file data38.cif (mmCIF, C-alpha atoms)
data_start
#
loop_
_atom_site.label_atom_id
_atom_site.label_comp_id
_atom_site.auth_asym_id
_atom_site.auth_seq_id
_atom_site.Cartn_x
_atom_site.Cartn_y
_atom_site.Cartn_z
CA MET I 1 -0.13 28.56 -14.98
CA SER I 2 -0.62 27.80 -11.28
CA VAL I 3 -2.62 25.02 -9.64
CA ALA I 4 -4.53 25.57 -6.41
CA PRO I 5 -4.62 22.62 -3.98
CA LYS I 6 -8.15 21.29 -3.56
CA LYS I 7 -9.33 20.22 -0.14
CA HIS I 8 -11.94 17.75 -1.43
CA LEU I 9 -9.15 15.85 -3.23
CA GLY I 10 -6.92 15.84 -0.14
CA GLN I 11 -4.22 17.77 -1.98
CA HIS I 12 -1.15 19.01 -0.10
CA PHE I 13 1.51 20.04 -2.60
CA LEU I 14 5.10 19.27 -1.60
CA LYS I 15 7.36 22.34 -1.76
CA ASP I 16 10.68 20.81 -0.68
CA LEU I 17 12.49 19.52 -3.77
CA SER I 18 15.08 17.61 -1.73
CA ILE I 19 12.33 15.41 -0.26
CA ALA I 20 10.90 14.70 -3.73
CA GLN I 21 14.40 13.76 -4.87
CA ARG I 22 14.84 11.41 -1.89
CA ILE I 23 11.55 9.65 -2.64
CA ALA I 24 12.50 9.19 -6.30
CA GLY I 25 15.88 7.85 -5.20
CA LEU I 26 14.26 5.02 -3.25
CA LEU I 27 13.05 3.35 -6.45
CA SER I 28 15.37 0.58 -7.58
CA GLY I 29 14.01 0.17 -11.11
CA GLU I 30 14.47 -3.61 -10.73
CA GLY I 31 11.95 -5.94 -12.33
CA TYR I 32 9.77 -3.38 -14.12
CA SER I 33 9.86 -0.95 -17.03
CA GLN I 34 6.64 0.94 -16.22
CA LEU I 35 6.09 3.42 -13.39
CA LEU I 36 2.77 4.84 -12.20
CA GLU I 37 2.80 8.09 -10.23
CA ILE I 38 -0.43 8.60 -8.30
CA GLY I 39 -1.54 12.18 -7.64
CA ALA I 40 1.22 13.93 -9.56
CA GLY I 41 -0.15 17.42 -8.84
CA THR I 42 2.26 20.03 -10.19
CA GLY I 43 5.01 17.53 -10.92
CA VAL I 44 7.32 18.19 -7.96
CA LEU I 45 8.11 14.46 -7.78
CA THR I 46 7.53 13.88 -11.50
CA GLN I 47 10.59 15.93 -12.50
CA TYR I 48 12.87 13.42 -10.73
CA LEU I 49 11.13 10.43 -12.31
CA ILE I 50 10.92 11.52 -15.91
CA ASP I 51 14.46 10.95 -17.22
CA GLN I 52 14.76 7.42 -15.89
CA PRO I 53 14.85 4.02 -17.65
CA TRP I 54 11.12 3.41 -17.37
CA GLU I 55 7.96 4.63 -19.05
CA LEU I 56 6.21 7.07 -16.73
CA THR I 57 2.44 7.47 -16.37
CA ALA I 58 0.93 10.15 -14.11
CA LEU I 59 -2.59 9.56 -12.81
CA ASP I 60 -4.62 12.38 -11.28
CA LEU I 61 -8.23 13.27 -10.50
CA ASP I 62 -7.60 17.01 -10.79
CA GLN I 63 -8.12 18.35 -14.33
CA GLU I 64 -6.16 21.48 -13.44
CA SER I 65 -3.14 19.36 -12.50
CA ILE I 66 -3.47 17.35 -15.69
CA ASP I 67 -3.53 20.52 -17.81
CA TYR I 68 -0.44 21.75 -15.94
CA LEU I 69 1.49 18.50 -16.48
CA ASN I 70 0.57 18.42 -20.17
CA GLN I 71 1.74 22.01 -20.57
CA TYR I 72 5.09 21.71 -18.79
CA TYR I 73 6.24 18.13 -19.42
CA PRO I 74 7.07 16.55 -22.79
CA GLN I 75 4.33 14.13 -23.82
CA ASP I 76 6.82 11.73 -25.36
CA LYS I 77 8.28 11.20 -21.86
CA LEU I 78 5.14 11.39 -19.73
CA LYS I 79 1.70 9.90 -20.24
CA VAL I 80 -0.87 11.87 -18.27
CA ARG I 81 -4.17 10.22 -17.44
CA TYR I 82 -7.29 11.48 -15.70
CA GLY I 83 -8.60 8.84 -13.34
CA ASP I 84 -9.28 7.52 -9.85
CA VAL I 85 -6.64 4.96 -8.87
CA LEU I 86 -9.17 2.99 -6.81
CA LYS I 87 -11.37 2.49 -9.90
CA GLU I 88 -8.56 2.12 -12.44
CA ASP I 89 -8.14 -1.15 -14.33
CA PHE I 90 -4.37 -1.54 -14.39
CA ASN I 91 -4.63 -3.97 -17.30
CA VAL I 92 -5.86 -1.08 -19.45
CA LEU I 93 -2.77 0.92 -18.53
CA PHE I 94 -0.11 -1.80 -18.48
CA GLY I 95 -1.55 -5.03 -19.88
CA GLN I 96 0.34 -7.89 -18.24
CA GLN I 97 3.52 -5.85 -17.71
CA GLN I 98 5.21 -5.38 -14.36
CA PHE I 99 4.93 -1.84 -13.00
CA ALA I 100 5.87 0.08 -9.86
CA ILE I 101 3.79 2.65 -7.98
CA VAL I 102 5.07 5.91 -6.49
CA GLY I 103 3.43 9.03 -5.11
CA ASN I 104 2.60 11.48 -2.39
CA PHE I 105 -0.69 9.74 -1.71
CA PRO I 106 -3.91 11.48 -0.64
CA TYR I 107 -4.16 10.50 3.02
CA ASN I 108 -7.89 9.81 2.88
CA ILE I 109 -7.40 6.89 0.46
CA SER I 110 -3.81 5.78 1.21
CA SER I 111 -4.75 2.52 2.97
CA GLN I 112 -7.10 1.65 0.11
CA ILE I 113 -4.26 2.20 -2.36
CA VAL I 114 -2.19 -0.36 -0.42
CA PHE I 115 -5.05 -2.89 -0.46
CA LYS I 116 -5.42 -2.38 -4.22
CA THR I 117 -1.67 -2.93 -4.61
CA LEU I 118 -2.05 -6.24 -2.76
CA GLU I 119 -4.77 -7.28 -5.22
CA TRP I 120 -2.36 -6.55 -8.10
CA ARG I 121 0.75 -7.86 -6.32
CA HIS I 122 1.67 -10.24 -9.13
CA GLN I 123 2.34 -7.18 -11.34
CA ILE I 124 3.72 -4.73 -8.76
CA PRO I 125 7.25 -5.57 -7.58
CA GLU I 126 7.86 -2.20 -5.92
CA PHE I 127 5.81 0.51 -4.25
CA CYS I 128 7.15 3.71 -2.76
CA GLY I 129 5.64 6.89 -1.40
CA MET I 130 4.38 9.19 1.30
CA PHE I 131 1.58 8.50 3.76
CA GLN I 132 0.30 10.00 6.96
CA LYS I 133 3.05 8.99 9.41
CA GLU I 134 0.78 6.80 11.54
CA VAL I 135 -0.37 4.81 8.50
CA ALA I 136 3.20 4.34 7.24
CA GLN I 137 4.24 3.11 10.69
CA ARG I 138 1.27 0.74 10.81
CA ILE I 139 2.24 -0.83 7.47
CA CYS I 140 5.80 -1.41 8.71
CA ALA I 141 4.91 -2.42 12.30
CA THR I 142 6.23 -5.64 13.82
CA PRO I 143 4.44 -8.23 16.01
CA GLY I 144 3.83 -7.13 19.58
CA SER I 145 3.41 -3.43 18.84
CA LYS I 146 0.13 -1.57 19.28
CA THR I 147 0.17 -0.43 15.65
CA TYR I 148 0.60 -3.96 14.27
CA GLY I 149 -2.62 -5.01 12.57
CA ILE I 150 -4.42 -6.03 9.38
CA LEU I 151 -2.46 -3.64 7.15
CA SER I 152 0.88 -4.80 8.63
CA VAL I 153 0.24 -8.53 8.24
CA LEU I 154 -1.34 -8.50 4.79
CA THR I 155 1.30 -6.16 3.34
CA GLN I 156 4.26 -7.97 4.89
CA ALA I 157 2.95 -11.34 3.70
CA PHE I 158 3.90 -10.27 0.18
CA TYR I 159 6.30 -7.34 0.57
CA GLN I 160 9.30 -6.30 2.61
CA ALA I 161 8.16 -3.03 4.20
CA LYS I 162 10.67 -0.39 5.30
CA TYR I 163 9.96 3.01 6.87
CA HIS I 164 12.56 5.44 5.52
CA PHE I 165 12.00 8.94 6.89
CA THR I 166 9.54 11.38 8.46
CA VAL I 167 8.38 14.59 6.74
CA PRO I 168 7.12 17.62 8.75
CA PRO I 169 3.93 19.52 7.81
CA GLY I 170 5.73 22.77 6.94
CA VAL I 171 7.12 21.52 3.62
CA PHE I 172 3.61 21.30 2.10
CA HIS I 173 1.11 23.81 0.75
CA PRO I 174 -1.20 23.86 2.57
CA PRO I 175 0.48 22.16 5.55
CA PRO I 176 -1.41 19.05 6.78
CA LYS I 177 -2.19 18.73 10.49
CA VAL I 178 0.00 15.63 10.85
CA ASP I 179 3.52 14.43 10.11
CA SER I 180 4.08 12.31 7.02
CA GLY I 181 6.16 9.19 6.56
CA VAL I 182 7.88 7.73 3.49
CA LEU I 183 8.13 3.98 3.01
CA ARG I 184 9.10 1.47 0.37
CA LEU I 185 7.59 -1.94 -0.31
CA LYS I 186 9.73 -4.51 -2.13
CA ARG I 187 7.93 -7.67 -3.23
CA HIS I 188 9.18 -10.99 -1.88
CA GLU I 189 10.68 -13.39 -4.40
CA VAL I 190 8.01 -15.97 -3.53
CA ILE I 191 4.56 -14.40 -3.39
CA GLU I 192 2.43 -17.53 -3.27
CA LEU I 193 1.54 -18.29 0.33
CA ALA I 194 1.75 -21.88 1.57
CA CYS I 195 -1.96 -21.82 2.43
CA ASP I 196 -5.36 -20.83 1.04
CA GLU I 197 -4.78 -17.10 0.44
CA ASP I 198 -8.48 -16.18 0.60
CA LEU I 199 -8.77 -17.92 3.95
CA PHE I 200 -5.54 -16.23 5.13
CA PHE I 201 -6.99 -12.78 4.35
CA LYS I 202 -10.25 -13.64 6.11
CA VAL I 203 -8.49 -15.05 9.20
CA VAL I 204 -6.24 -11.98 9.54
CA LYS I 205 -9.10 -9.50 9.12
CA THR I 206 -11.44 -11.39 11.46
CA SER I 207 -8.87 -11.86 14.22
CA PHE I 208 -7.92 -8.16 14.36
CA GLN I 209 -11.53 -7.01 14.46
CA GLN I 210 -11.42 -8.12 18.11
CA ARG I 211 -7.70 -7.70 18.68
CA ARG I 212 -7.85 -7.85 22.50
CA LYS I 213 -9.43 -11.29 22.47
CA THR I 214 -7.59 -14.56 22.04
CA LEU I 215 -7.87 -16.25 18.66
CA ARG I 216 -10.03 -18.91 20.29
CA ASN I 217 -12.69 -16.23 20.83
CA SER I 218 -12.14 -13.89 17.90
CA LEU I 219 -12.27 -16.72 15.33
CA LYS I 220 -15.46 -18.34 16.69
CA ILE I 221 -17.37 -17.64 13.48
CA PHE I 222 -15.29 -20.32 11.71
CA ASN I 223 -16.76 -23.17 13.81
CA ILE I 224 -13.34 -24.53 14.74
CA SER I 225 -13.36 -28.07 16.14
CA GLN I 226 -12.85 -28.55 19.87
CA LYS I 227 -9.63 -30.46 19.21
CA LEU I 228 -8.11 -27.63 17.17
CA LYS I 229 -9.19 -25.02 19.75
CA GLU I 230 -6.90 -26.78 22.23
CA ASP I 231 -3.88 -25.93 20.06
CA SER I 232 -1.70 -23.42 21.92
CA ILE I 233 -1.81 -20.94 19.02
CA PHE I 234 -5.48 -20.23 19.81
CA ALA I 235 -4.51 -18.93 23.26
CA MET I 236 -2.60 -16.10 21.58
CA ARG I 237 -3.87 -12.66 20.57
CA PRO I 238 -3.52 -11.59 16.93
CA GLU I 239 -0.82 -8.94 17.53
CA GLN I 240 1.44 -11.68 18.93
CA LEU I 241 1.53 -13.63 15.65
CA SER I 242 4.09 -13.09 12.92
CA VAL I 243 3.12 -13.43 9.25
CA ALA I 244 4.59 -16.95 9.26
CA GLU I 245 2.47 -17.87 12.28
CA PHE I 246 -0.67 -16.53 10.58
CA ILE I 247 0.16 -18.80 7.63
CA THR I 248 0.59 -21.74 10.03
CA LEU I 249 -2.72 -20.87 11.70
CA THR I 250 -4.45 -20.83 8.30
CA GLN I 251 -2.92 -24.21 7.43
CA LYS I 252 -4.19 -25.70 10.70
CA MET I 253 -7.68 -24.37 9.99
CA GLU I 254 -7.59 -25.77 6.44
CA SER I 255 -6.65 -29.18 7.88
CA ASP I 256 -9.66 -28.83 10.14
CA GLY I 257 -11.89 -28.58 7.06
CA ILE I 258 -12.37 -24.83 7.27
CA SER I 259 -12.62 -22.79 4.07
CA THR I 260 -13.67 -19.27 3.12
CA HIS I 261 -17.21 -20.59 2.90
CA SER I 262 -17.13 -21.66 6.55
#
call {"tool": "encode", "arguments": {"input": "data38.cif", "output": "C-alpha cells"}}
result
Amino acid sequence: MSVAPKKHLGQHFLKDLSIAQRIAGLLSGEGYSQLLEIGAGTGVLTQYLIDQPWELTALDLDQESIDYLNQYYPQDKLKVRYGDVLKEDFNVLFGQQQFAIVGNFPYNISSQIVFKTLEWRHQIPEFCGMFQKEVAQRICATPGSKTYGILSVLTQAFYQAKYHFTVPPGVFHPPPKVDSGVLRLKRHEVIELACDEDLFFKVVKTSFQQRRKTLRNSLKIFNISQKLKEDSIFAMRPEQLSVAEFITLTQKMESDGISTHS
C-alpha cells in the first residue's frame, strides 16, 4: 500500500531516515509518558518513536495515511486517530496527563500548532519537530533581531527554544520550495508568569502589531497614564525587550490600573 502526498493537506513526506532518527533523538522523555505525533503520514518518524518508554498516539487528517499506519504498525504500540490538531480536545486524548508533541508539521498551520501548545502548556513539557526554516528561526529568535516577534516572546516566556538543524528540500517528496528547520521546546520549571498572563499576551501582541513604533505609541489603546508614559521603557521598541522586560512592562501597566478590559 502506498500513500500519495496531498497538496491541500500540505503534505511533504520525509524520505531521509537519518533525519527522522535525529528528530526522534531530540526527545528527552522527561516528565511525560504520552507522546503525540502530529501528521504521521507513512510513519517515517513513527518507526523511531514506537519502541520507546511512552505511549504513542499518531494524529492525522489523511484517511489514507491512517489506513497505512493501521496496516503496518502494531495497534498495541500505536494508537492512530483521525483528527485536526487545531480542533482536538487534548483532554479527550490524555485526560490530565503530561504529554509531549512531535512531528513534521504542515507548514500552513505550524504557527497555530505552537499557539495551541502555549494554551496547553501546563500539560506539555516538551515539543519537538520540523517547521519552515523561517518560522523555526522566528520562534528561537533573540531580542534585537528582525525575526524576533510575537511568536518568539510568547513561546520563550514558557519554554526554552533551541534551533537544532536545517533540512534541505530534496529530502522530501514532493520537495517544498523552502528549507526546513528542526527545533525543540523544553518547558521552564516555573511556568506561572509574575504578572497578569492575559494582559502579558495582549501587550506583546499589540506592541508588535506596530513594531517600528515605540511602546509609547503602539500601546496607546491601553490609555496609559501620563506619568507611566514617562517611564524609559516606553521609549523602546518591542524588538528591544527581552521576555523578562515584557513581564516588567506588564507589571508596570497593572500597577497603573490597566487590565485586559482596558
call {"tool": "atom_distance", "arguments": {"input": "data38.cif", "atom1": "CA of Phe246 (chain I)", "atom2": "CA of Trp120 (chain I)"}}
result
21.2 Å
call {"tool": "residues_around", "arguments": {"input": "data38.cif", "residues": "region 104-108 of chain I", "least_positions_apart": "6", "cutoff": "10 Å", "atoms": "only C-alpha atoms", "output": "PyMOL selection string"}}
result
chain I and resi 8-14+20+23+37-41+44-45+128-133+135+176+180-182
call {"tool": "resolve_selection", "arguments": {"input": "data38.cif", "expression": "the PyMOL selection byres ((chain I and resi 157) around 9)", "output": "list in words"}}
result
Ser152, Val153, Leu154, Thr155, Gln156, Phe158, Tyr159, Gln160, His188, Ile191, Leu193, Val243, Ala244 and Ile247 of chain I
call {"tool": "write_last_selection", "arguments": {"input": "data38.cif", "atoms": "C-alpha atoms", "output": "compact mmCIF listing (two decimals), in the frame of the given file"}}
result
# COMPACT_ATOMS: atom_id res chain seq x y z
CA SER I 152 0.88 -4.80 8.63
CA VAL I 153 0.24 -8.53 8.24
CA LEU I 154 -1.34 -8.50 4.79
CA THR I 155 1.30 -6.16 3.34
CA GLN I 156 4.26 -7.97 4.89
CA PHE I 158 3.90 -10.27 0.18
CA TYR I 159 6.30 -7.34 0.57
CA GLN I 160 9.30 -6.30 2.61
CA HIS I 188 9.18 -10.99 -1.88
CA ILE I 191 4.56 -14.40 -3.39
CA LEU I 193 1.54 -18.29 0.33
CA VAL I 243 3.12 -13.43 9.25
CA ALA I 244 4.59 -16.95 9.26
CA ILE I 247 0.16 -18.80 7.63
call {"tool": "closest_atom_pairs", "arguments": {"input": "data38.cif", "of": "region 146-227 of chain I", "to": "region 97-101 of chain I", "cutoff": "12 Å", "atoms": "all atoms listed in the file", "output": "JSON lines"}}
result
{"residue": "I:Leu183", "atom": "CA", "partner": "I:Ile101", "partner_atom": "CA", "distance": 11.9}
{"residue": "I:Arg184", "atom": "CA", "partner": "I:Ile101", "partner_atom": "CA", "distance": 10.0}
{"residue": "I:Leu185", "atom": "CA", "partner": "I:Ile101", "partner_atom": "CA", "distance": 9.7}
{"residue": "I:Lys186", "atom": "CA", "partner": "I:Ala100", "partner_atom": "CA", "distance": 9.8}
{"residue": "I:Arg187", "atom": "CA", "partner": "I:Ala100", "partner_atom": "CA", "distance": 10.4}
call {"tool": "resolve_selection", "arguments": {"input": "data38.cif", "expression": "the PyMOL selection byres ((chain I and resi 119) around 12)", "output": "ChimeraX atom specification"}}
result
/I:86,89-90,112-118,120-124,154-155,158,191,197-198,201
call {"tool": "residues_around", "arguments": {"input": "data38.cif", "residues": "Tyr73 (chain I)", "least_positions_apart": "5", "cutoff": "10 Å", "atoms": "all atoms listed in the file", "output": "list in words"}}
result
Gly43, Thr46, Gln47, Ile50, Tyr68, Leu78, Lys79 and Val80 of chain I
call {"tool": "atom_distance", "arguments": {"input": "data38.cif", "atom1": "CA of Gly31 (chain I)", "atom2": "CA of Ser110 (chain I)"}}
result
23.9 Å
call {"tool": "resolve_selection", "arguments": {"input": "data38.cif", "expression": "the PyMOL selection byres ((chain I and resi 168) around 10)", "output": "MDAnalysis selection string"}}
result
chainID I and resid 133 166:167 169:172 175:181
call {"tool": "atom_distance", "arguments": {"input": "data38.cif", "atom1": "CA of Glu230 (chain I)", "atom2": "CA of Arg216 (chain I)"}}
result
8.7 Å
call {"tool": "residues_near_point", "arguments": {"input": "data38.cif", "point": "(-2.3, -1.8, 12.3)", "cutoff": "7 Å", "atoms": "only C-alpha atoms", "output": "list in words"}}
result
Arg138, Ile139, Thr147, Tyr148, Gly149, Ile150, Leu151 and Ser152 of chain I
call {"tool": "closest_residue", "arguments": {"input": "data38.cif", "among": "I:Arg212, I:Leu199, I:Gly257, I:Ser242", "to": "Ser225 (chain I)", "atoms": "only C-alpha atoms"}}
result
I:Gly257
call {"tool": "closest_residue", "arguments": {"input": "data38.cif", "among": "I:Ala161, I:Met253, I:Ala141, I:Ile109", "to": "Val203 (chain I)", "atoms": "only C-alpha atoms"}}
result
I:Met253
call {"tool": "residues_around", "arguments": {"input": "data38.cif", "residues": "region 231-238 of chain I", "least_positions_apart": "4", "cutoff": "10 Å", "atoms": "all atoms listed in the file", "output": "PyMOL selection string"}}
result
chain I and resi 143-144+148-150+153+203-219+226-227+242+245-246+248-249+252
call {"tool": "axis_aligned_box", "arguments": {"input": "data38.cif", "around": "region 225-239 of chain I", "padding_each_side": "4 Å", "output": "AutoDock Vina command-line options"}}
result
--center_x -7.1 --center_y -19.7 --center_z 19.7 --size_x 20.5 --size_y 29.5 --size_z 15.1
call {"tool": "build_atoms", "arguments": {"input": "data38.cif", "residues": "region 200-234 of chain I", "atoms": "N, CA and C atoms", "output": "mmCIF file, in the coordinates of the input"}}
result
data_model
loop_
_atom_site.group_PDB
_atom_site.id
_atom_site.type_symbol
_atom_site.label_atom_id
_atom_site.label_comp_id
_atom_site.auth_asym_id
_atom_site.auth_seq_id
_atom_site.Cartn_x
_atom_site.Cartn_y
_atom_site.Cartn_z
ATOM 1 N N PHE I 200 -6.552 -17.012 4.407
ATOM 2 C CA PHE I 200 -5.540 -16.230 5.130
ATOM 3 C C PHE I 200 -6.021 -14.792 5.338
ATOM 4 N N PHE I 201 -6.492 -14.161 4.258
ATOM 5 C CA PHE I 201 -6.990 -12.780 4.350
ATOM 6 C C PHE I 201 -8.147 -12.694 5.340
ATOM 7 N N LYS I 202 -9.055 -13.665 5.253
ATOM 8 C CA LYS I 202 -10.250 -13.640 6.110
ATOM 9 C C LYS I 202 -9.871 -13.863 7.579
ATOM 10 N N VAL I 203 -8.931 -14.760 7.824
ATOM 11 C CA VAL I 203 -8.490 -15.050 9.200
ATOM 12 C C VAL I 203 -7.820 -13.810 9.811
ATOM 13 N N VAL I 204 -6.946 -13.164 9.047
ATOM 14 C CA VAL I 204 -6.240 -11.980 9.540
ATOM 15 C C VAL I 204 -7.237 -10.861 9.866
ATOM 16 N N LYS I 205 -8.133 -10.590 8.918
ATOM 17 C CA LYS I 205 -9.100 -9.500 9.120
ATOM 18 C C LYS I 205 -10.035 -9.794 10.298
ATOM 19 N N THR I 206 -10.500 -11.028 10.392
ATOM 20 C CA THR I 206 -11.440 -11.390 11.460
ATOM 21 C C THR I 206 -10.772 -11.324 12.833
ATOM 22 N N SER I 207 -9.546 -11.815 12.915
ATOM 23 C CA SER I 207 -8.870 -11.860 14.220
ATOM 24 C C SER I 207 -8.594 -10.463 14.766
ATOM 25 N N PHE I 208 -8.237 -9.517 13.887
ATOM 26 C CA PHE I 208 -7.920 -8.160 14.360
ATOM 27 C C PHE I 208 -9.157 -7.305 14.614
ATOM 28 N N GLN I 209 -10.301 -7.761 14.162
ATOM 29 C CA GLN I 209 -11.530 -7.010 14.460
ATOM 30 C C GLN I 209 -11.830 -7.036 15.964
ATOM 31 N N GLN I 210 -11.303 -8.052 16.647
ATOM 32 C CA GLN I 210 -11.420 -8.120 18.110
ATOM 33 C C GLN I 210 -10.021 -8.402 18.677
ATOM 34 N N ARG I 211 -9.124 -7.456 18.450
ATOM 35 C CA ARG I 211 -7.700 -7.700 18.680
ATOM 36 C C ARG I 211 -7.340 -7.991 20.137
ATOM 37 N N ARG I 212 -8.181 -7.606 21.095
ATOM 38 C CA ARG I 212 -7.850 -7.850 22.500
ATOM 39 C C ARG I 212 -8.240 -9.272 22.946
ATOM 40 N N LYS I 213 -9.013 -9.932 22.120
ATOM 41 C CA LYS I 213 -9.430 -11.290 22.470
ATOM 42 C C LYS I 213 -8.413 -12.310 21.954
ATOM 43 N N THR I 214 -8.425 -13.477 22.561
ATOM 44 C CA THR I 214 -7.590 -14.560 22.040
ATOM 45 C C THR I 214 -8.197 -15.054 20.732
ATOM 46 N N LEU I 215 -7.387 -15.730 19.951
ATOM 47 C CA LEU I 215 -7.870 -16.250 18.660
ATOM 48 C C LEU I 215 -9.001 -17.256 18.870
ATOM 49 N N ARG I 216 -8.971 -17.938 19.984
ATOM 50 C CA ARG I 216 -10.030 -18.910 20.290
ATOM 51 C C ARG I 216 -11.397 -18.226 20.297
ATOM 52 N N ASN I 217 -11.427 -16.984 20.760
ATOM 53 C CA ASN I 217 -12.690 -16.230 20.830
ATOM 54 C C ASN I 217 -12.948 -15.399 19.576
ATOM 55 N N SER I 218 -11.913 -14.780 19.038
ATOM 56 C CA SER I 218 -12.140 -13.890 17.900
ATOM 57 C C SER I 218 -12.450 -14.655 16.608
ATOM 58 N N LEU I 219 -12.041 -15.938 16.550
ATOM 59 C CA LEU I 219 -12.270 -16.720 15.330
ATOM 60 C C LEU I 219 -13.441 -17.704 15.480
ATOM 61 N N LYS I 220 -14.316 -17.443 16.423
ATOM 62 C CA LYS I 220 -15.460 -18.340 16.690
ATOM 63 C C LYS I 220 -16.344 -18.562 15.475
ATOM 64 N N ILE I 221 -16.448 -17.531 14.622
ATOM 65 C CA ILE I 221 -17.370 -17.640 13.480
ATOM 66 C C ILE I 221 -16.979 -18.761 12.514
ATOM 67 N N PHE I 222 -15.756 -19.272 12.641
ATOM 68 C CA PHE I 222 -15.290 -20.320 11.710
ATOM 69 C C PHE I 222 -15.706 -21.731 12.150
ATOM 70 N N ASN I 223 -16.345 -21.841 13.301
ATOM 71 C CA ASN I 223 -16.760 -23.170 13.810
ATOM 72 C C ASN I 223 -15.582 -24.142 13.884
ATOM 73 N N ILE I 224 -14.551 -23.710 14.584
ATOM 74 C CA ILE I 224 -13.340 -24.530 14.740
ATOM 75 C C ILE I 224 -13.654 -25.713 15.660
ATOM 76 N N SER I 225 -13.106 -26.871 15.328
ATOM 77 C CA SER I 225 -13.360 -28.070 16.140
ATOM 78 C C SER I 225 -12.753 -27.910 17.534
ATOM 79 N N GLN I 226 -13.331 -28.628 18.484
ATOM 80 C CA GLN I 226 -12.850 -28.550 19.870
ATOM 81 C C GLN I 226 -11.394 -28.968 19.954
ATOM 82 N N LYS I 227 -11.016 -29.969 19.180
ATOM 83 C CA LYS I 227 -9.630 -30.460 19.210
ATOM 84 C C LYS I 227 -8.659 -29.372 18.763
ATOM 85 N N LEU I 228 -9.010 -28.670 17.683
ATOM 86 C CA LEU I 228 -8.110 -27.630 17.170
ATOM 87 C C LEU I 228 -8.059 -26.446 18.135
ATOM 88 N N LYS I 229 -9.165 -26.139 18.786
ATOM 89 C CA LYS I 229 -9.190 -25.020 19.750
ATOM 90 C C LYS I 229 -8.190 -25.222 20.870
ATOM 91 N N GLU I 230 -7.845 -26.479 21.146
ATOM 92 C CA GLU I 230 -6.900 -26.780 22.230
ATOM 93 C C GLU I 230 -5.457 -26.505 21.821
ATOM 94 N N ASP I 231 -5.226 -26.275 20.526
ATOM 95 C CA ASP I 231 -3.880 -25.930 20.060
ATOM 96 C C ASP I 231 -3.435 -24.629 20.722
ATOM 97 N N SER I 232 -2.195 -24.577 21.165
ATOM 98 C CA SER I 232 -1.700 -23.420 21.920
ATOM 99 C C SER I 232 -1.770 -22.106 21.139
ATOM 100 N N ILE I 233 -1.769 -22.170 19.822
ATOM 101 C CA ILE I 233 -1.810 -20.940 19.020
ATOM 102 C C ILE I 233 -3.105 -20.163 19.253
ATOM 103 N N PHE I 234 -4.171 -20.878 19.614
ATOM 104 C CA PHE I 234 -5.480 -20.230 19.810
ATOM 105 C C PHE I 234 -5.572 -19.488 21.147
#
